[in-house]
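Here is model-v2.pdb, consisting of PDB, C-alpha atoms:
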```pdb
ATOM      1  CA  MET A   1      68.646 114.819 111.335
ATOM      2  CA  HIS A   2      66.470 116.896 113.662
ATOM      3  CA  ARG A   3      67.886 116.641 117.176
ATOM      4  CA  VAL A   4      65.523 116.555 120.154
ATOM      5  CA  VAL A   5      67.153 117.098 123.546
ATOM      6  CA  VAL A   6      65.138 116.247 126.642
ATOM      7  CA  LEU A   7      66.204 117.951 129.864
ATOM      8  CA  ALA A   8      65.745 115.861 133.005
ATOM      9  CA  LEU A   9      65.696 118.024 136.128
ATOM     10  CA  ASP A  10      65.796 116.855 139.736
ATOM     11  CA  GLY A  11      62.426 115.408 140.728
ATOM     12  CA  VAL A  12      61.403 114.739 137.112
ATOM     13  CA  TYR A  13      58.172 112.857 136.388
ATOM     14  CA  PRO A  14      59.199 109.623 134.591
ATOM     15  CA  PHE A  15      56.050 109.373 132.459
ATOM     16  CA  GLU A  16      56.464 112.810 130.901
ATOM     17  CA  LEU A  17      60.226 112.301 130.589
ATOM     18  CA  SER A  18      59.627 109.243 128.410
ATOM     19  CA  ILE A  19      57.155 110.866 125.996
ATOM     20  CA  PRO A  20      59.617 112.528 123.562
ATOM     21  CA  ALA A  21      61.691 109.384 123.035
ATOM     22  CA  ARG A  22      58.564 107.283 122.570
ATOM     23  CA  ILE A  23      56.909 109.609 120.046
ATOM     24  CA  PHE A  24      59.833 111.121 118.134
ATOM     25  CA  GLY A  25      61.768 107.848 118.324
ATOM     26  CA  THR A  26      58.963 106.050 116.487
ATOM     27  CA  ALA A  27      58.966 108.450 113.509
ATOM     28  CA  PHE A  28      60.567 106.987 110.384
ATOM     29  CA  ASP A  29      60.562 107.982 106.734
ATOM     30  CA  ALA A  30      59.342 105.764 103.886
ATOM     31  CA  ASP A  31      62.735 104.033 103.725
ATOM     32  CA  GLY A  32      62.686 103.188 107.425
ATOM     33  CA  SER A  33      65.262 105.789 108.426
ATOM     34  CA  PRO A  34      64.700 107.635 111.725
ATOM     35  CA  LEU A  35      63.560 111.221 111.372
ATOM     36  CA  TYR A  36      64.734 112.408 114.794
ATOM     37  CA  GLU A  37      67.710 111.890 117.064
ATOM     38  CA  ILE A  38      66.626 111.954 120.718
ATOM     39  CA  VAL A  39      69.075 112.496 123.560
ATOM     40  CA  THR A  40      68.523 113.125 127.255
ATOM     41  CA  CYS A  41      70.646 115.316 129.473
ATOM     42  CA  THR A  42      70.787 116.766 132.960
ATOM     43  CA  LEU A  43      72.285 120.107 133.865
ATOM     44  CA  ASP A  44      75.500 118.612 135.265
ATOM     45  CA  GLY A  45      75.557 115.180 133.620
ATOM     46  CA  LYS A  46      74.900 113.501 136.957
ATOM     47  CA  PRO A  47      71.915 111.316 137.908
ATOM     48  CA  VAL A  48      68.718 113.007 139.038
ATOM     49  CA  ARG A  49      66.036 111.625 141.316
ATOM     50  CA  SER A  50      62.590 111.137 139.877
ATOM     51  CA  ASN A  51      59.323 111.732 141.687
ATOM     52  CA  ALA A  52      59.009 107.935 141.849
ATOM     53  CA  ASP A  53      61.185 105.550 143.863
ATOM     54  CA  PHE A  54      64.193 105.551 141.546
ATOM     55  CA  SER A  55      66.857 107.822 140.113
ATOM     56  CA  ILE A  56      67.717 108.398 136.460
ATOM     57  CA  ALA A  57      71.250 108.348 135.093
ATOM     58  CA  VAL A  58      72.137 109.958 131.752
ATOM     59  CA  ASP A  59      75.349 110.411 129.783
ATOM     60  CA  ARG A  60      75.128 114.096 128.848
ATOM     61  CA  ASP A  61      75.195 117.463 130.573
ATOM     62  CA  ARG A  62      73.748 120.860 129.618
ATOM     63  CA  THR A  63      76.150 121.288 126.688
ATOM     64  CA  ALA A  64      73.846 118.945 124.721
ATOM     65  CA  LEU A  65      71.224 121.689 124.786
ATOM     66  CA  ARG A  66      73.381 123.894 122.540
ATOM     67  CA  THR A  67      73.025 121.376 119.698
ATOM     68  CA  ALA A  68      69.248 120.953 120.023
ATOM     69  CA  ASP A  69      66.774 121.706 117.264
ATOM     70  CA  THR A  70      63.969 121.028 119.752
ATOM     71  CA  VAL A  71      64.275 121.114 123.551
ATOM     72  CA  VAL A  72      61.659 119.369 125.682
ATOM     73  CA  ILE A  73      61.374 120.126 129.407
ATOM     74  CA  PRO A  74      59.200 117.679 131.377
ATOM     75  CA  PRO A  75      57.712 118.685 134.751
ATOM     76  CA  PHE A  76      59.528 118.096 138.017
ATOM     77  CA  VAL A  77      58.601 118.111 141.685
ATOM     78  CA  ASP A  78      57.655 121.497 143.172
ATOM     79  CA  CYS A  79      58.203 123.263 139.863
ATOM     80  CA  GLY A  80      57.029 126.789 140.633
ATOM     81  CA  THR A  81      54.292 125.675 143.022
ATOM     82  CA  ASP A  82      55.687 127.630 145.967
ATOM     83  CA  PRO A  83      56.004 131.353 145.053
ATOM     84  CA  GLY A  84      58.223 131.961 148.070
ATOM     85  CA  LYS A  85      60.714 129.250 147.131
ATOM     86  CA  ASP A  86      63.719 129.660 144.863
ATOM     87  CA  TRP A  87      62.859 126.598 142.799
ATOM     88  CA  LEU A  88      64.580 127.372 139.490
ATOM     89  CA  PRO A  89      67.626 125.047 139.355
ATOM     90  CA  ASN A  90      71.019 126.712 139.298
ATOM     91  CA  GLY A  91      72.326 127.177 135.792
ATOM     92  CA  LEU A  92      69.021 126.455 134.075
ATOM     93  CA  ALA A  93      68.340 130.020 132.937
ATOM     94  CA  GLU A  94      71.863 130.302 131.530
ATOM     95  CA  ALA A  95      71.510 126.969 129.726
ATOM     96  CA  ILE A  96      68.263 128.071 128.075
ATOM     97  CA  ASP A  97      69.843 131.391 127.106
ATOM     98  CA  GLN A  98      72.554 129.493 125.205
ATOM     99  CA  LEU A  99      70.115 127.586 122.958
ATOM    100  CA  LYS A 100      70.282 128.087 119.208
ATOM    101  CA  PRO A 101      68.165 131.114 118.207
ATOM    102  CA  ASP A 102      65.832 128.956 116.125
ATOM    103  CA  ALA A 103      65.559 126.020 118.531
ATOM    104  CA  ARG A 104      62.004 125.049 119.443
ATOM    105  CA  ILE A 105      61.295 124.914 123.163
ATOM    106  CA  VAL A 106      58.560 122.651 124.513
ATOM    107  CA  SER A 107      57.252 122.448 128.062
ATOM    108  CA  ILE A 108      55.040 119.658 129.332
ATOM    109  CA  CYS A 109      52.597 120.279 132.182
ATOM    110  CA  THR A 110      53.970 122.522 134.949
ATOM    111  CA  ALA A 111      57.336 122.873 133.206
ATOM    112  CA  ALA A 112      55.645 125.929 131.672
ATOM    113  CA  TYR A 113      56.730 127.608 134.911
ATOM    114  CA  VAL A 114      60.326 127.279 133.714
ATOM    115  CA  LEU A 115      59.627 129.024 130.408
ATOM    116  CA  ALA A 116      57.676 131.699 132.247
ATOM    117  CA  ALA A 117      60.387 132.251 134.841
ATOM    118  CA  VAL A 118      63.022 132.926 132.180
ATOM    119  CA  GLY A 119      60.731 135.321 130.289
ATOM    120  CA  LEU A 120      59.972 133.208 127.219
ATOM    121  CA  LEU A 121      56.205 133.431 127.688
ATOM    122  CA  ASP A 122      55.836 137.170 128.321
ATOM    123  CA  ASP A 123      52.830 138.531 126.407
ATOM    124  CA  ALA A 124      52.371 135.133 124.730
ATOM    125  CA  PRO A 125      49.629 132.479 124.853
ATOM    126  CA  ALA A 126      50.404 129.366 126.892
ATOM    127  CA  THR A 127      48.852 126.585 128.888
ATOM    128  CA  THR A 128      49.707 124.292 131.768
ATOM    129  CA  HIS A 129      47.901 121.707 133.855
ATOM    130  CA  TRP A 130      44.362 122.917 134.518
ATOM    131  CA  ASN A 131      44.827 122.438 138.257
ATOM    132  CA  GLN A 132      47.705 124.945 138.288
ATOM    133  CA  ALA A 133      46.390 127.396 135.703
ATOM    134  CA  ALA A 134      44.970 129.952 138.154
ATOM    135  CA  SER A 135      48.151 129.990 140.243
ATOM    136  CA  PHE A 136      50.241 130.149 137.086
ATOM    137  CA  GLN A 137      48.291 133.187 135.880
ATOM    138  CA  ARG A 138      48.687 134.953 139.245
ATOM    139  CA  SER A 139      52.420 134.298 139.254
ATOM    140  CA  PHE A 140      52.871 135.500 135.671
ATOM    141  CA  PRO A 141      50.142 138.035 134.832
ATOM    142  CA  ARG A 142      51.714 138.970 131.485
ATOM    143  CA  ILE A 143      51.073 135.491 130.070
ATOM    144  CA  GLN A 144      47.838 134.768 128.192
ATOM    145  CA  VAL A 145      47.017 131.555 130.061
ATOM    146  CA  ASP A 146      44.402 129.264 128.541
ATOM    147  CA  PRO A 147      43.477 126.523 131.025
ATOM    148  CA  ASN A 148      41.039 124.839 128.653
ATOM    149  CA  VAL A 149      43.284 123.484 125.896
ATOM    150  CA  LEU A 150      45.585 120.505 125.457
ATOM    151  CA  PHE A 151      48.475 122.499 124.067
ATOM    152  CA  VAL A 152      49.437 125.859 122.592
ATOM    153  CA  ASP A 153      51.646 126.187 119.522
ATOM    154  CA  HIS A 154      53.149 129.667 119.506
ATOM    155  CA  GLY A 155      55.710 129.011 116.813
ATOM    156  CA  ARG A 156      59.062 128.475 118.454
ATOM    157  CA  ILE A 157      57.580 128.133 121.951
ATOM    158  CA  LEU A 158      55.061 125.377 122.680
ATOM    159  CA  THR A 159      53.359 124.440 125.936
ATOM    160  CA  ALA A 160      51.356 121.316 126.760
ATOM    161  CA  ALA A 161      48.877 120.662 129.531
ATOM    162  CA  GLY A 162      49.208 117.799 131.998
ATOM    163  CA  ALA A 163      50.705 114.359 131.353
ATOM    164  CA  ALA A 164      49.175 112.775 128.220
ATOM    165  CA  ALA A 165      48.749 116.175 126.545
ATOM    166  CA  GLY A 166      52.507 115.968 126.044
ATOM    167  CA  ILE A 167      51.828 113.067 123.694
ATOM    168  CA  ASP A 168      49.378 115.205 121.743
ATOM    169  CA  LEU A 169      51.892 118.014 121.434
ATOM    170  CA  CYS A 170      54.739 115.748 120.320
ATOM    171  CA  LEU A 171      52.450 114.145 117.720
ATOM    172  CA  HIS A 172      51.491 117.648 116.612
ATOM    173  CA  LEU A 173      55.168 118.459 116.054
ATOM    174  CA  VAL A 174      55.721 115.255 114.073
ATOM    175  CA  ARG A 175      52.696 116.184 111.971
ATOM    176  CA  ARG A 176      53.974 119.728 111.540
ATOM    177  CA  ASP A 177      57.409 118.468 110.522
ATOM    178  CA  HIS A 178      56.520 115.470 108.357
ATOM    179  CA  GLY A 179      52.777 115.377 107.714
ATOM    180  CA  THR A 180      49.745 113.448 108.808
ATOM    181  CA  ALA A 181      50.749 110.065 107.392
ATOM    182  CA  VAL A 182      53.926 109.891 109.467
ATOM    183  CA  ALA A 183      52.174 111.183 112.599
ATOM    184  CA  ASN A 184      49.353 108.679 112.192
ATOM    185  CA  ARG A 185      51.831 105.842 111.808
ATOM    186  CA  VAL A 186      53.563 106.936 115.015
ATOM    187  CA  ALA A 187      50.207 107.083 116.803
ATOM    188  CA  ARG A 188      49.280 103.590 115.647
ATOM    189  CA  LEU A 189      52.607 102.152 116.792
ATOM    190  CA  CYS A 190      52.219 103.854 120.168
ATOM    191  CA  VAL A 191      48.523 102.867 120.383
ATOM    192  CA  VAL A 192      47.337 106.417 121.067
ATOM    193  CA  PRO A 193      44.731 108.609 119.342
ATOM    194  CA  PRO A 194      46.271 110.040 116.162
ATOM    195  CA  TRP A 195      44.800 113.477 116.572
ATOM    196  CA  ARG A 196      43.391 115.499 119.409
ATOM    197  CA  GLU A 197      43.503 119.114 118.327
ATOM    198  CA  GLY A 198      45.172 121.592 120.659
ATOM    199  CA  GLY A 199      41.897 123.357 121.389
ATOM    200  CA  GLN A 200      40.212 120.274 122.797
ATOM    201  CA  ALA A 201      39.249 120.620 126.455
ATOM    202  CA  GLN A 202      41.812 119.432 128.990
ATOM    203  CA  PHE A 203      39.480 118.167 131.640
ATOM    204  CA  ILE A 204      36.196 116.506 130.836
ATOM    205  CA  GLU A 205      34.050 114.698 133.360
ATOM    206  CA  ARG A 206      33.751 111.174 131.970
ATOM    207  CA  PRO A 207      32.199 108.809 134.494
ATOM    208  CA  VAL A 208      33.162 105.170 134.006
ATOM    209  CA  PRO A 209      30.126 103.458 132.483
ATOM    210  CA  GLU A 210      28.594 100.357 133.926
ATOM    211  CA  PRO A 211      29.621  97.202 132.018
ATOM    212  CA  ALA A 212      26.137  96.745 130.598
ATOM    213  CA  THR A 213      25.805 100.382 129.546
ATOM    214  CA  SER A 214      25.439 100.859 125.790
ATOM    215  CA  SER A 215      28.144 102.795 123.990
ATOM    216  CA  THR A 216      28.446 104.982 120.909
ATOM    217  CA  ALA A 217      31.742 103.322 119.900
ATOM    218  CA  ALA A 218      30.211 101.080 117.220
ATOM    219  CA  THR A 219      28.379 104.043 115.703
ATOM    220  CA  ARG A 220      31.565 106.099 115.642
ATOM    221  CA  GLU A 221      33.362 103.281 113.837
ATOM    222  CA  TRP A 222      30.463 103.016 111.395
ATOM    223  CA  ALA A 223      30.464 106.780 110.807
ATOM    224  CA  LEU A 224      34.171 106.723 109.946
ATOM    225  CA  ARG A 225      33.415 104.226 107.179
ATOM    226  CA  HIS A 226      30.719 106.520 105.765
ATOM    227  CA  LEU A 227      32.326 109.968 105.972
ATOM    228  CA  GLY A 228      31.760 110.540 102.274
ATOM    229  CA  ARG A 229      28.025 111.044 102.619
ATOM    230  CA  PRO A 230      25.801 113.214 104.818
ATOM    231  CA  LEU A 231      25.310 111.789 108.302
ATOM    232  CA  ALA A 232      22.332 113.248 110.084
ATOM    233  CA  LEU A 233      22.134 113.180 113.855
ATOM    234  CA  THR A 234      18.926 111.147 113.632
ATOM    235  CA  GLU A 235      20.698 108.532 111.511
ATOM    236  CA  LEU A 236      23.589 108.281 113.962
ATOM    237  CA  ALA A 237      21.206 107.928 116.895
ATOM    238  CA  GLY A 238      19.190 105.346 114.985
ATOM    239  CA  HIS A 239      22.317 103.293 114.269
ATOM    240  CA  ALA A 240      23.118 103.352 117.997
ATOM    241  CA  ARG A 241      19.489 102.429 118.769
ATOM    242  CA  MET A 242      19.087 105.426 121.025
ATOM    243  CA  SER A 243      16.982 108.523 121.083
ATOM    244  CA  VAL A 244      18.722 111.633 119.771
ATOM    245  CA  ARG A 245      18.847 113.111 123.274
ATOM    246  CA  THR A 246      20.366 109.967 124.824
ATOM    247  CA  PHE A 247      22.823 109.554 121.963
ATOM    248  CA  CYS A 248      24.080 113.137 122.252
ATOM    249  CA  ARG A 249      24.515 112.801 126.002
ATOM    250  CA  LYS A 250      26.381 109.486 125.789
ATOM    251  CA  PHE A 251      28.472 110.682 122.858
ATOM    252  CA  ARG A 252      29.660 113.742 124.768
ATOM    253  CA  ASP A 253      30.349 111.664 127.882
ATOM    254  CA  GLU A 254      32.521 109.254 125.894
ATOM    255  CA  VAL A 255      34.232 111.592 123.426
ATOM    256  CA  GLY A 256      34.093 114.991 125.097
ATOM    257  CA  LEU A 257      32.584 116.612 122.003
ATOM    258  CA  PRO A 258      29.120 116.846 120.429
ATOM    259  CA  PRO A 259      28.606 114.508 117.442
ATOM    260  CA  GLY A 260      28.644 117.267 114.826
ATOM    261  CA  GLN A 261      31.949 118.717 115.993
ATOM    262  CA  TRP A 262      33.503 115.257 116.169
ATOM    263  CA  LEU A 263      32.359 114.480 112.626
ATOM    264  CA  THR A 264      33.890 117.698 111.330
ATOM    265  CA  GLN A 265      37.197 116.843 113.001
ATOM    266  CA  GLN A 266      37.212 113.387 111.419
ATOM    267  CA  ARG A 267      36.428 114.842 107.991
ATOM    268  CA  VAL A 268      39.243 117.365 108.303
ATOM    269  CA  GLU A 269      41.613 114.584 109.317
ATOM    270  CA  TYR A 270      40.555 112.391 106.384
ATOM    271  CA  ALA A 271      40.841 115.299 103.952
ATOM    272  CA  ARG A 272      44.377 115.933 105.211
ATOM    273  CA  ARG A 273      45.330 112.328 104.572
ATOM    274  CA  LEU A 274      43.909 112.418 101.051
ATOM    275  CA  LEU A 275      45.675 115.695 100.260
ATOM    276  CA  GLU A 276      48.971 114.272 101.493
ATOM    277  CA  THR A 277      48.832 110.778 100.066
ATOM    278  CA  THR A 278      46.808 111.001  96.832
ATOM    279  CA  ASP A 279      46.644 113.075  93.660
ATOM    280  CA  LEU A 280      42.862 113.364  93.779
ATOM    281  CA  ALA A 281      41.488 116.674  92.563
ATOM    282  CA  ILE A 282      40.397 119.082  95.283
ATOM    283  CA  ASP A 283      36.725 118.631  94.382
ATOM    284  CA  ARG A 284      37.082 114.858  94.715
ATOM    285  CA  VAL A 285      38.836 115.153  98.081
ATOM    286  CA  ALA A 286      35.962 117.328  99.299
ATOM    287  CA  ALA A 287      33.430 114.740  98.161
ATOM    288  CA  GLU A 288      35.342 111.751  99.589
ATOM    289  CA  SER A 289      35.730 113.408 102.983
ATOM    290  CA  GLY A 290      32.093 114.409 103.216
ATOM    291  CA  PHE A 291      32.360 118.172 102.819
ATOM    292  CA  GLY A 292      30.363 118.076  99.614
ATOM    293  CA  THR A 293      31.987 121.040  97.926
ATOM    294  CA  ALA A 294      35.509 122.376  97.619
ATOM    295  CA  ALA A 295      34.302 125.687  99.075
ATOM    296  CA  SER A 296      33.020 123.965 102.221
ATOM    297  CA  MET A 297      36.250 122.011 102.652
ATOM    298  CA  ARG A 298      38.322 125.139 102.061
ATOM    299  CA  GLN A 299      36.408 126.948 104.800
ATOM    300  CA  HIS A 300      36.861 124.130 107.315
ATOM    301  CA  LEU A 301      40.553 123.622 106.562
ATOM    302  CA  SER A 302      41.203 127.347 106.726
ATOM    303  CA  THR A 303      39.445 127.532 110.089
ATOM    304  CA  THR A 304      41.225 124.488 111.507
ATOM    305  CA  LEU A 305      44.664 124.701 109.886
ATOM    306  CA  GLY A 306      44.873 128.274 108.687
ATOM    307  CA  VAL A 307      45.624 127.265 105.075
ATOM    308  CA  SER A 308      43.722 126.333 101.921
ATOM    309  CA  PRO A 309      43.592 122.737 100.621
ATOM    310  CA  THR A 310      45.989 123.552  97.790
ATOM    311  CA  ALA A 311      48.473 125.266 100.112
ATOM    312  CA  TYR A 312      48.290 122.317 102.493
ATOM    313  CA  ARG A 313      48.966 119.853  99.668
ATOM    314  CA  GLN A 314      51.882 121.911  98.365
ATOM    315  CA  THR A 315      53.427 121.810 101.822
ATOM    316  CA  PHE A 316      52.868 118.181 102.766
ATOM    317  CA  HIS A 317      52.398 116.204  99.544
ATOM    318  CA  ALA A 318      55.661 114.531  98.536
ATOM    319  CA  THR A 319      55.172 115.356  94.848
ATOM    320  CA  THR A 320      52.627 117.974  93.888
ATOM    321  CA  PRO A 321      50.906 116.966  90.628
ATOM    322  CA  ALA A 322      51.465 119.291  87.698
ATOM    323  CA  ARG A 323      47.748 119.683  87.165
ATOM    324  CA  GLU A 324      47.302 121.161  90.666
ATOM    325  CA  ALA A 325      47.275 124.701  89.303
ATOM    326  CA  THR A 326      44.250 123.921  87.187
ATOM    327  CA  GLN A 327      42.205 122.325  89.950
ATOM    328  CA  THR A 328      39.281 124.166  91.408
ATOM    329  CA  GLY A 329      38.675 125.043  95.028
ATOM    330  CA  SER A 330      42.156 126.325  95.875
TER
END
```
Using the file provided, produce a representation of the structure as structure tokens.
Amino acid sequence: MHRVVVLALDGVYPFELSIPARIFGTAFDADGSPLYEIVTCTLDGKPVRSNADFSIAVDRDRTALRTADTVVIPPFVDCGTDPGKDWLPNGLAEAIDQLKPDARIVSICTAAYVLAAVGLLDDAPATTHWNQAASFQRSFPRIQVDPNVLFVDHGRILTAAGAAAGIDLCLHLVRRDHGTAVANRVARLCVVPPWREGGQAQFIERPVPEPATSSTAATREWALRHLGRPLALTELAGHARMSVRTFCRKFRDEVGLPPGQWLTQQRVEYARRLLETTDLAIDRVAAESGFGTAASMRQHLSTTLGVSPTAYRQTFHATTPAREATQTGS
């Protein structure tokens, strides 16, 4: 079983600390068996204070890190925010150095400072909370800091932006490990969005609407039921009983994306589910998900996921049908 070890450091933020156990701990296979073992440790096995009004006691010390397949480091108070302060906890660098060579290392929010301080992010892409991104870049000029994304997957090293972006990254890892169906089931159980791609903007101005203000939510729900056919912007606006200009403005305010980009994301997500859970031919998957042609779907999946539909199915479908080699649009 894949072992996830969460490292609680002094001043840890309780919300981020709880994310790995909540997401990975809700992932089960078709037989109901857990897919991950999640343990929490501190450097010395002693309680640590949180940034709230309570302390956290755990049963394990840093030796647990040596057995980890994935290590998650949540943010903690004053993590790297004062360049003149020696903030890196004693023994932390040595503990990270003793990880298994193939262990994944995940930082949430400003815990990216830890990975940067021990040299794991040199000349690599990374992100952190948008409010700290400029300072982070000044402190570590060799890092390719992107302040505008939810998370960065750089293979073995992954960094998430602030707070809830840690949920997105953990769901991304579940999806990477076990496919969309499992990740979506975890998201439903945790009542969170099943997919916000890593490149989605971190910080979007979304003013709280007045209670009487009309919303695009009903139209989005309607669109999801009709992904298999063309959906023109005028039709979407008409369903919402708005002008195209008003609809686009409200849609972006509520979702953070223009309608066309959102539709493409939903079609990619639906195509992934069909490729994973059905034996439909590639052409049929393209039609059902609204791409029209296998060539169009192949282009969108290659852009989004970096693989073709056939390669994706071979990776994530439990049993690849024998006729796959004869299907078009690979």
Q: Apply the PyMOL selection byres ((chain A and resi 186) around 12) to the structure shown and report the selected residues as a ChimeraX atom specification.
A: /A:20-29,34-35,167-168,170-175,178-185,187-195
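The gap separating CA of Asp102 in chain A from CA of Arg156 in chain A is 7.2 Å, in Å to one decimal.
Of the listed residues (A:Pro74, A:Gly238, A:Pro125, A:Gly119), A:Pro74 comes nearest to Ala165 in chain A; the distances count all atoms listed in the file.
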Q: Could you tell me which residues the PyMOL selection byres ((chain A and resi 213-229) around 9) returns for this structure, as a list in words?
A: Pro209, Glu210, Pro211, Ala212, Pro230, Leu231, Leu236, Ala237, His239, Ala240, Phe247, Lys250, Phe251, Glu254, Leu263, Gln266, Arg267, Tyr270, Ala286, Ala287, Glu288, Ser289, Gly290, Phe291 and Gly292 of chain A
With C-alpha atoms kept, could you save the residues just selected as a CSV table (one decimal), keeping the file's coordinate frame?
```csv
chain,number,residue,atom,x,y,z
A,209,PRO,CA,30.1,103.5,132.5
A,210,GLU,CA,28.6,100.4,133.9
A,211,PRO,CA,29.6,97.2,132.0
A,212,ALA,CA,26.1,96.7,130.6
A,230,PRO,CA,25.8,113.2,104.8
A,231,LEU,CA,25.3,111.8,108.3
A,236,LEU,CA,23.6,108.3,114.0
A,237,ALA,CA,21.2,107.9,116.9
A,239,HIS,CA,22.3,103.3,114.3
A,240,ALA,CA,23.1,103.4,118.0
A,247,PHE,CA,22.8,109.6,122.0
A,250,LYS,CA,26.4,109.5,125.8
A,251,PHE,CA,28.5,110.7,122.9
A,254,GLU,CA,32.5,109.3,125.9
A,263,LEU,CA,32.4,114.5,112.6
A,266,GLN,CA,37.2,113.4,111.4
A,267,ARG,CA,36.4,114.8,108.0
A,270,TYR,CA,40.6,112.4,106.4
A,286,ALA,CA,36.0,117.3,99.3
A,287,ALA,CA,33.4,114.7,98.2
A,288,GLU,CA,35.3,111.8,99.6
A,289,SER,CA,35.7,113.4,103.0
A,290,GLY,CA,32.1,114.4,103.2
A,291,PHE,CA,32.4,118.2,102.8
A,292,GLY,CA,30.4,118.1,99.6
```
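Take CA of Asp153 in chain A and CA of Ile105 in chain A: the distance between them is 10.4 Å.
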If you count only C-alpha atoms, which residues fall within 7 Å of range 80-96 of chain A, apart from same-chain ones fewer than 5 positions away, as a PDB file with C-alpha atoms, in the frame of the given file?
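That gives us selection_27.pdb:
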```
ATOM      1  CA  ARG A  62      73.748 120.860 129.618  1.00  0.00           C
ATOM      2  CA  TYR A 113      56.730 127.608 134.911  1.00  0.00           C
ATOM      3  CA  VAL A 118      63.022 132.926 132.180  1.00  0.00           C
TER       4      VAL A 118
END
```
Q.
Suppose a student applies the PyMOL selection byres ((chain A and resi 66) around 8) to this structure; what residues should they get, written as a PyMOL selection string?
A. chain A and resi 62-65+67-68+98-100
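Closest approach to Ile282 in chain A from the set A:Ala8, A:Ala311, A:Leu305, A:Ala112 is made by A:Ala311, with distances taken over all atoms listed in the file.
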Q: Would you mind telling me which residue in A:Arg142, A:Val244, A:Val6, A:Phe54 lies nearest to Thr40 in chain A when using all atoms listed in the file?
A: A:Val6
Q: Find the residues around Ala294 in chain A up to 12 Å (only C-alpha atoms counted), leave out those fewer than 5 positions away in its own chain, and share them as an MDAnalysis selection string.
A: chainID A and resid 271 281:289 299:302 308:310 327:330
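CA of Tyr312 in chain A is positioned 24.4 Å from CA of Gly32 in chain A.
Closest approach to Asp10 in chain A among A:Cys41, A:Asp78, A:Tyr36, A:Arg49 is made by A:Arg49 (distances from all atoms listed in the file).
Nearest-residue note for Thr70 in chain A: choosing from A:Leu150, A:His2, A:Leu257, A:Leu280, the minimum distance belongs to A:His2, counting all atoms listed in the file.
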